[in-house]
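Chemist: Just dropping this structure here.
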Amino acid sequence: MAEPLPAVATDPRTELRGLALIQGEQDDGTLNKSLLHYVWQPAQPGWLILVLIGLGGTGLLFSAVTLTVAKGIGMWGNNIPVAWAFGIINFVWWIGIGHAGTLISAILLLFQQKWRTSINRFAEAMTLFAVMQAALFPVLHTGRPWFAIYWLFPYPSLNKIWPQFKSPLMWDVFAVSTYFITSLLFWYLGLIPDLASLRDSSTSRRKRIAYGIFSLGWRGSARHWHHYKIAYLLLAGLATPLVLSVHTIVSWDFAVSILPGWHTTIFPPYFVAGAVFSGFAMVLTLIIPARKFMGLKHVVTIRHLDSMAKVMLTTGLIVAYGYIMEHFAAWYSDNPYEGHVFFFTRPRGPYAWAYYTQMFCNVMVPQIFWLKRARQNIAILWIGSVLVNVGMWFERFNIIVTSLHQDFIPSNWHMYYPTWVDLSLLSGTICFFGLLFLLFLKFVPAVAVSEVKELRHELRVSHESMSELEGAKP
Amino acid sequence: MSRRFVLGEFGEPEACVEAARKLREQGVAGLDAYSPYPLHGIDEALALPRSKVPLVALTGGVLGALGGYAMQWWMNAVNYPINVGNRPPHGFWTNIPITFECGVLLSVLSIFFSSIFGFFQLPRTYHPVFESEQFRTASLDAFWISAETGDDDAAAGIEEKFRSAGARRVHTVTEAE
């Protein structure tokens with residue numbers, strides 16, 4: 001079901017004219033109508049059904065959380081030596097997914113990639129909701145979170161002691177909370193002009209007041225835009241090193257220890273690439289159905305999907321390089337424990353199936369995106385993106401469970417099996433994430449309307465100046 | 001005496017910027033422009049001074065980083081030193097990640113809150129320009145210029161200037177008492 005490319009895409013000058021970024025004859029009025037339409041139309045049956053499923057899954061999540069808190073961490077399958085299992089796998093997986101949002105909204109903004117404009121809002125929302133899921137796990141895995149506060153956050157408690165800042169786990173607390181706050185504020189700042197558009201296009205007084213409150217009384221004044229542009233750019237500039245630091249620090253949770261399979265210097269870049277890889281996969285998984293059912297095909301075109309597939313391929317290759325280097329370092333170091341993990345436990349041990357799932361999904365599957373036809377085929381893109389998400393989950397499973405379950409002393413070895421509470425937490429966070437996302441799609445514009453209008457204007461101006469140049473030719 | 005705002009609507013961004021420049025050169029005071037997205041060249045047209053947001057960001061970032069480092073040093077090396085495997089209580093390199101995060105955090109917070117509360121003077125529940133129902137297009141698909149004035153006679157004169165600058169709709173709103 002390859003979607004036909006817009007006719008203009010065959011024109012080699014399309015890149016310069018950017019017509020494929022916004023399809024059809026659009027002006028500010030038609031963009032308003034089409035991009036705000038989904039918010040104003042009554043809820044669709046499909047949306048309601050998905051919300052109900054999301055609510056059910058969220059119920060499951062909160063039940064599992066309650067059980068964990070009430071009965072203790074023994075409800076999970078964790079044991080010694082596998083003390084970090086689903087909790088940390090899910091944490092790293094979710095936070096990695098979030099990273100694509102910041103990459104799209106901040107790094108591509110700094111690189112002036114115009115194709116980011118119609119997907120940045122979407123990806124930022126994904127970041128925000130993914131980080132919320134991620135943050136649940138480290139808090140829960142402490143077992144008794146109400147006691148964990150005093151050694152996680154530096155506040156003057158009656159114990160008169162302070163957190164140990166030399167621990168990478170503390171760095172993680174600061175990195176993740178900074179990341180969440182930054183993502184939230186960046187997202188909201190971008191949203192304010194669009195909330196004002198919703199306020200001004202609302203038909204009922206109730207909606208007008210509601211969006212009026214959230215838009216804070218924004219009136220699009222040039223004196224405000226003057227500061228706004230700089231504030232937005234600076235936030236992007238700060239989010240860029242921040243996102244790199246977050247997954248670097250997450251990887252230090254592992255790399256700073258001495259466990260074979262964790263103790264390697266390739267971890268920070270390889271984790272960051274893996275995060276972007278899985279994040280782009282998640283953006284594709286979500287945006288392919290969303291653009292169809294929300295009528296966004298004219299602003300999220302095949303051109304966008306194609307670019308995202310290219311980023312996925314690139315980061316997938318970096319991840320594959322990371323895998324190769326891990327194995328190389330294990331062989332070259334001639335360390336028997338490293339060798340055991342990389343040449344016995346992972347490829348031939350009891351969890352070998354997880355290892356081969358990881359290799360298939362993360363190394364083999366993305367290679368199909370070398371082909372233009374695969375990048376522009378909706379079905380292949382969607383299936384590929386789902387497989388990458390699965391593969392990246394198994395990558396974390398392998399890093400954590402296979403490295404831990406056979407450590408230095410064979411008498412210490414122990415298999416790990418998840419319990420139903422572990423599985424409920426994982427599926428529950430997926431549903432909770434989906435629920436938040438559905439609410440986001442319904443109540444605010446999923447595409448940054450003011451930025452798309454600005455892009456349309458820029459494209460028109462550059463198109464006109466190009467036509468003039470062509471006219472000037474002899 | 002309540003304030004009056006003369007409002008003029010333009011269909012095209014370039015026309016709006018050009019009109020803003022012309023009106024300012026004609027000596028119309030209290031000018032502002034409104035648009036659904038940032039207008040190219042409006043800063044020069046209205047002769048807006050350089051934004052102080054970068055200065056706020058830098059100050060926040062530096063204070064955050066210094067504060068973050070000082071916090072770790074005081075808590076782990078002065079107030080409650082713990083000997084872990086004979087590592088020094090004050091570890092410069094292990095303090096770097098949190099120092100960086102604190103710098104970013106405080107910079108982000110100061111950019112956001114100084115913009116909203118300081119530079120934008122938001123949230124605000126009322127502004128005289130919203131007296132005009134037609135002004136709602138300012139966040140949708142039209143471009144507006146306003147000029148603030150105190151009395152009706154002056155407003156009539158400014159309205160004339162707006163029309164000759166090319167505004168397609170001109171009217172004056174009065175601030176509610």
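Here's how to read the names in the structure tokens: chain A, B, ... by the order shown, residue numbers from 1 in each chain, ligand numbers from 1 in the order shown.
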List the neighbours of Glu454 in chain A out to 10 Å using only C-alpha atoms; skip same-chain residues closer than 2 positions along the sequence, and give me the result as a ChimeraX atom specification.
Modeler: /A:28,117,449-452,456-460 /B:36-40
Chemist: For chain B against chain A, with a cut-off of 8 Å and counting only C-alpha atoms, what is the closest atom pair and its distance in Å to one decimal for every residue that makes the cut, ordered by chain and number, as a tab-separated table?
Modeler:
```
residue	atom	partner	partner_atom	distance
B:Asp32	CA	A:Ala222	CA	6.3
B:Ala33	CA	A:Ala222	CA	5.1
B:Tyr34	CA	A:Ser221	CA	4.4
B:Ser35	CA	A:Gly220	CA	5.3
B:Pro36	CA	A:Ser450	CA	6.0
B:Tyr37	CA	A:Ser450	CA	5.3
B:Pro38	CA	A:Trp225	CA	5.6
B:Leu39	CA	A:Ala222	CA	7.6
B:Ile42	CA	A:Ala222	CA	7.0
B:Asp43	CA	A:His226	CA	6.7
B:Leu48	CA	A:Arg223	CA	7.4
B:Ser51	CA	A:His227	CA	5.7
B:Lys52	CA	A:His227	CA	7.8
B:Val53	CA	A:Ala231	CA	6.3
B:Pro54	CA	A:Ile230	CA	7.5
B:Ala57	CA	A:Leu234	CA	7.8
B:Gln72	CA	A:Phe165	CA	6.5
B:Met75	CA	A:Trp162	CA	6.0
B:Asn76	CA	A:Gln164	CA	6.7
B:Tyr80	CA	A:Ile161	CA	6.3
B:Gly91	CA	A:Lys166	CA	7.4
B:Thr94	CA	A:Lys166	CA	5.3
B:Asn95	CA	A:Phe165	CA	6.9
B:Pro97	CA	A:Trp171	CA	6.2
B:Ile98	CA	A:Trp171	CA	5.7
B:Glu101	CA	A:Ala175	CA	5.9
B:Cys102	CA	A:Phe174	CA	7.6
B:Val104	CA	A:Leu238	CA	6.5
B:Leu105	CA	A:Thr178	CA	5.5
B:Val108	CA	A:Leu235	CA	6.4
B:Leu109	CA	A:Thr182	CA	7.9
B:Ile111	CA	A:Ala231	CA	6.2
B:Phe112	CA	A:Leu185	CA	6.9
B:Ser115	CA	A:His227	CA	7.1
B:Phe119	CA	A:His224	CA	7.0
B:Phe120	CA	A:His224	CA	5.5
B:Leu122	CA	A:Leu216	CA	6.1
B:Pro123	CA	A:Leu216	CA	4.4
B:Arg124	CA	A:Gly217	CA	5.3
B:Thr125	CA	A:Gly217	CA	5.9
B:Tyr126	CA	A:Gly217	CA	7.3
B:Arg136	CA	A:Asp200	CA	5.1
B:Thr137	CA	A:Asp200	CA	7.1
B:Ala138	CA	A:Gly220	CA	7.1
B:Ser139	CA	A:Ser197	CA	5.1
B:Leu140	CA	A:Ser197	CA	5.7
B:Asp141	CA	A:Asp28	CA	5.1
```
Chemist: Quick one: pull the distance between CA of Pro13 in chain B and CA of Leu46 in chain B, Å, one decimal.
Modeler: 14.1 Å
Chemist: So that I can see what lies close to Val65 in chain A, please list as a PyMOL selection string the residues with an atom at most 9 Å from it, counting only C-alpha atoms and leaving out residues fewer than 3 positions away in the same chain.
Modeler: chain A and resi 60-62+68-70+140+421+425
Chemist: Enumerate, as JSON, numbers by chain, the complete set of residues in range 84-306 of chain A that a backbone-based DSSP assignment places in alpha helix (DSSP H).
Modeler: {"A": [86, 87, 88, 89, 90, 91, 92, 93, 94, 95, 96, 97, 98, 99, 100, 101, 102, 108, 109, 110, 120, 121, 122, 123, 124, 125, 126, 127, 128, 129, 130, 131, 132, 133, 134, 135, 136, 137, 138, 139, 140, 141, 145, 146, 147, 148, 149, 150, 151, 152, 168, 169, 170, 171, 172, 173, 174, 175, 176, 177, 178, 179, 180, 181, 182, 183, 184, 185, 186, 187, 188, 189, 190, 191, 192, 193, 194, 195, 196, 197, 198, 199, 200, 201, 205, 206, 207, 208, 209, 210, 211, 212, 213, 214, 222, 223, 224, 225, 226, 227, 228, 229, 230, 231, 232, 233, 234, 235, 236, 237, 238, 239, 240, 241, 242, 243, 244, 245, 246, 247, 248, 249, 250, 251, 252, 253, 254, 255, 267, 268, 269, 270, 271, 272, 273, 274, 275, 276, 277, 278, 279, 280, 281, 282, 283, 284, 285, 286, 287, 288, 289, 290, 291, 292, 293, 302, 303, 304, 305, 306]}
Chemist: From the options B:Arg50, B:His90, B:His127, B:Arg4, which residue's atoms come nearest to Ala154 in chain B, counting only C-alpha atoms?
Modeler: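 Using only C-alpha atoms, Ala154 in chain B sits closest to B:Arg4.
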Chemist: Using only C-alpha atoms for the distances, tell me which of B:Ala156, B:Ile96, B:Ala15, B:Leu7 is nearest to Tyr69 in chain B.
Modeler: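 Of the candidates, the smallest distance to Tyr69 in chain B is held by B:Ile96.
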Chemist: Record the distance separating CA of Trp115 in chain A and CA of His304 in chain A, expressed in Å with one decimal.
Modeler: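 Separation of CA of Trp115 in chain A and CA of His304 in chain A: 6.0 Å.
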Chemist: Expressed in Å to a single decimal, how great is the separation between CA of Phe254 in chain A and CA of Ile400 in chain A?
Modeler: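 A separation of 8.8 Å between them.
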Chemist: Using only C-alpha atoms, which of A:Gly57, A:Gly143, A:Gly279, A:Pro268 sits nearest Gly322 in chain A?
Modeler: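 Ranked by minimum distance to Gly322 in chain A, first place goes to A:Pro268.
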Chemist: Pick out the residues sitting within 12 Å of Thr345 in chain A, and hand them over as a PyMOL selection string; count only C-alpha atoms, and ignore anything fewer than 2 positions along from it in its own chain.
Modeler: chain A and resi 260-261+337-343+347-355+398-399+401-407+413+415
Chemist: Export, as a JSON list (two decimals), in the first residue's frame, the selected residues with N, CA and C atoms.
Modeler:
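So the final result, stored in result33.json, reads:
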```
[["chain", "number", "residue", "atom", "x", "y", "z"],
["A", 260, "PRO", "N", 30.77, -7.44, 34.07],
["A", 260, "PRO", "CA", 31.00, -7.70, 32.65],
["A", 260, "PRO", "C", 29.69, -7.53, 31.88],
["A", 261, "GLY", "N", 29.74, -6.86, 30.74],
["A", 261, "GLY", "CA", 28.52, -6.56, 29.99],
["A", 261, "GLY", "C", 28.03, -5.16, 30.28],
["A", 337, "TYR", "N", 35.73, -13.22, 32.14],
["A", 337, "TYR", "CA", 34.35, -12.89, 32.53],
["A", 337, "TYR", "C", 33.62, -12.16, 31.41],
["A", 338, "GLU", "N", 34.35, -11.22, 30.78],
["A", 338, "GLU", "CA", 33.76, -10.52, 29.63],
["A", 338, "GLU", "C", 33.44, -11.53, 28.53],
["A", 339, "GLY", "N", 34.40, -12.40, 28.27],
["A", 339, "GLY", "CA", 34.21, -13.41, 27.22],
["A", 339, "GLY", "C", 33.01, -14.29, 27.53],
["A", 340, "HIS", "N", 32.85, -14.60, 28.79],
["A", 340, "HIS", "CA", 31.73, -15.46, 29.18],
["A", 340, "HIS", "C", 30.40, -14.79, 28.82],
["A", 341, "VAL", "N", 30.29, -13.51, 29.12],
["A", 341, "VAL", "CA", 29.03, -12.81, 28.84],
["A", 341, "VAL", "C", 28.78, -12.73, 27.34],
["A", 342, "PHE", "N", 29.82, -12.28, 26.59],
["A", 342, "PHE", "CA", 29.55, -11.98, 25.18],
["A", 342, "PHE", "C", 29.58, -13.20, 24.27],
["A", 343, "PHE", "N", 30.35, -14.26, 24.67],
["A", 343, "PHE", "CA", 30.44, -15.40, 23.77],
["A", 343, "PHE", "C", 29.76, -16.65, 24.30],
["A", 347, "PRO", "N", 24.90, -15.34, 23.43],
["A", 347, "PRO", "CA", 24.48, -16.08, 22.24],
["A", 347, "PRO", "C", 24.10, -17.54, 22.50],
["A", 348, "ARG", "N", 24.58, -18.15, 23.60],
["A", 348, "ARG", "CA", 24.32, -19.58, 23.78],
["A", 348, "ARG", "C", 23.68, -19.92, 25.11],
["A", 349, "GLY", "N", 23.41, -18.92, 25.93],
["A", 349, "GLY", "CA", 22.85, -19.18, 27.26],
["A", 349, "GLY", "C", 21.35, -19.37, 27.22],
["A", 350, "PRO", "N", 20.72, -19.44, 28.39],
["A", 350, "PRO", "CA", 19.28, -19.67, 28.44],
["A", 350, "PRO", "C", 18.45, -18.53, 27.88],
["A", 351, "TYR", "N", 19.04, -17.32, 27.76],
["A", 351, "TYR", "CA", 18.26, -16.22, 27.20],
["A", 351, "TYR", "C", 18.68, -15.91, 25.76],
["A", 352, "ALA", "N", 19.26, -16.92, 25.08],
["A", 352, "ALA", "CA", 19.75, -16.67, 23.72],
["A", 352, "ALA", "C", 18.64, -16.17, 22.80],
["A", 353, "TRP", "N", 17.41, -16.64, 23.03],
["A", 353, "TRP", "CA", 16.29, -16.19, 22.17],
["A", 353, "TRP", "C", 16.12, -14.67, 22.24],
["A", 354, "ALA", "N", 16.35, -14.10, 23.44],
["A", 354, "ALA", "CA", 16.22, -12.64, 23.59],
["A", 354, "ALA", "C", 17.35, -11.95, 22.83],
["A", 355, "TYR", "N", 18.54, -12.55, 22.86],
["A", 355, "TYR", "CA", 19.69, -11.99, 22.16],
["A", 355, "TYR", "C", 19.43, -11.96, 20.65],
["A", 398, "ASN", "N", 18.66, -7.79, 27.64],
["A", 398, "ASN", "CA", 19.94, -8.50, 27.57],
["A", 398, "ASN", "C", 21.00, -7.83, 28.41],
["A", 399, "ILE", "N", 21.05, -6.50, 28.32],
["A", 399, "ILE", "CA", 22.08, -5.80, 29.10],
["A", 399, "ILE", "C", 21.88, -6.11, 30.58],
["A", 401, "VAL", "N", 19.40, -8.38, 32.35],
["A", 401, "VAL", "CA", 19.16, -9.73, 32.90],
["A", 401, "VAL", "C", 20.29, -10.70, 32.54],
["A", 402, "THR", "N", 20.71, -10.74, 31.27],
["A", 402, "THR", "CA", 21.73, -11.76, 30.96],
["A", 402, "THR", "C", 23.06, -11.43, 31.61],
["A", 403, "SER", "N", 23.37, -10.12, 31.78],
["A", 403, "SER", "CA", 24.65, -9.81, 32.44],
["A", 403, "SER", "C", 24.60, -10.19, 33.91],
["A", 404, "LEU", "N", 23.44, -10.01, 34.52],
["A", 404, "LEU", "CA", 23.35, -10.24, 35.97],
["A", 404, "LEU", "C", 23.19, -11.71, 36.34],
["A", 405, "HIS", "N", 22.44, -12.46, 35.52],
["A", 405, "HIS", "CA", 22.03, -13.78, 36.02],
["A", 405, "HIS", "C", 23.18, -14.77, 36.09],
["A", 406, "GLN", "N", 24.28, -14.50, 35.34],
["A", 406, "GLN", "CA", 25.47, -15.34, 35.52],
["A", 406, "GLN", "C", 26.63, -14.40, 35.78],
["A", 407, "ASP", "N", 26.87, -14.10, 37.06],
["A", 407, "ASP", "CA", 27.97, -13.17, 37.33],
["A", 407, "ASP", "C", 29.25, -13.93, 37.66],
["A", 413, "TRP", "N", 24.69, -18.01, 40.54],
["A", 413, "TRP", "CA", 23.85, -17.84, 39.36],
["A", 413, "TRP", "C", 22.40, -18.18, 39.66],
["A", 415, "MET", "N", 18.32, -17.97, 37.58],
["A", 415, "MET", "CA", 17.49, -17.55, 36.45],
["A", 415, "MET", "C", 16.51, -16.47, 36.92]]
```
Chemist: Looking only at the backbone, which of the residues in range 60-170 of chain B does DSSP tag as strand (DSSP E), as a PyMOL selection string?
Modeler: chain B and resi 143-149+169-170
Chemist: Restricting the calculation to only C-alpha atoms, which member of A:Ile324, A:Leu426, A:Leu152, A:Ala210 is positioned closest to Phe91 in chain A?
Modeler: A:Leu426
Chemist: Measuring atom to atom with only C-alpha atoms, identify which of A:Leu305, A:Val139, A:Ile409, A:Val386 is nearest to Ala374 in chain A.
Modeler: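 For Ala374 in chain A, the nearest of the given residues is A:Leu305.
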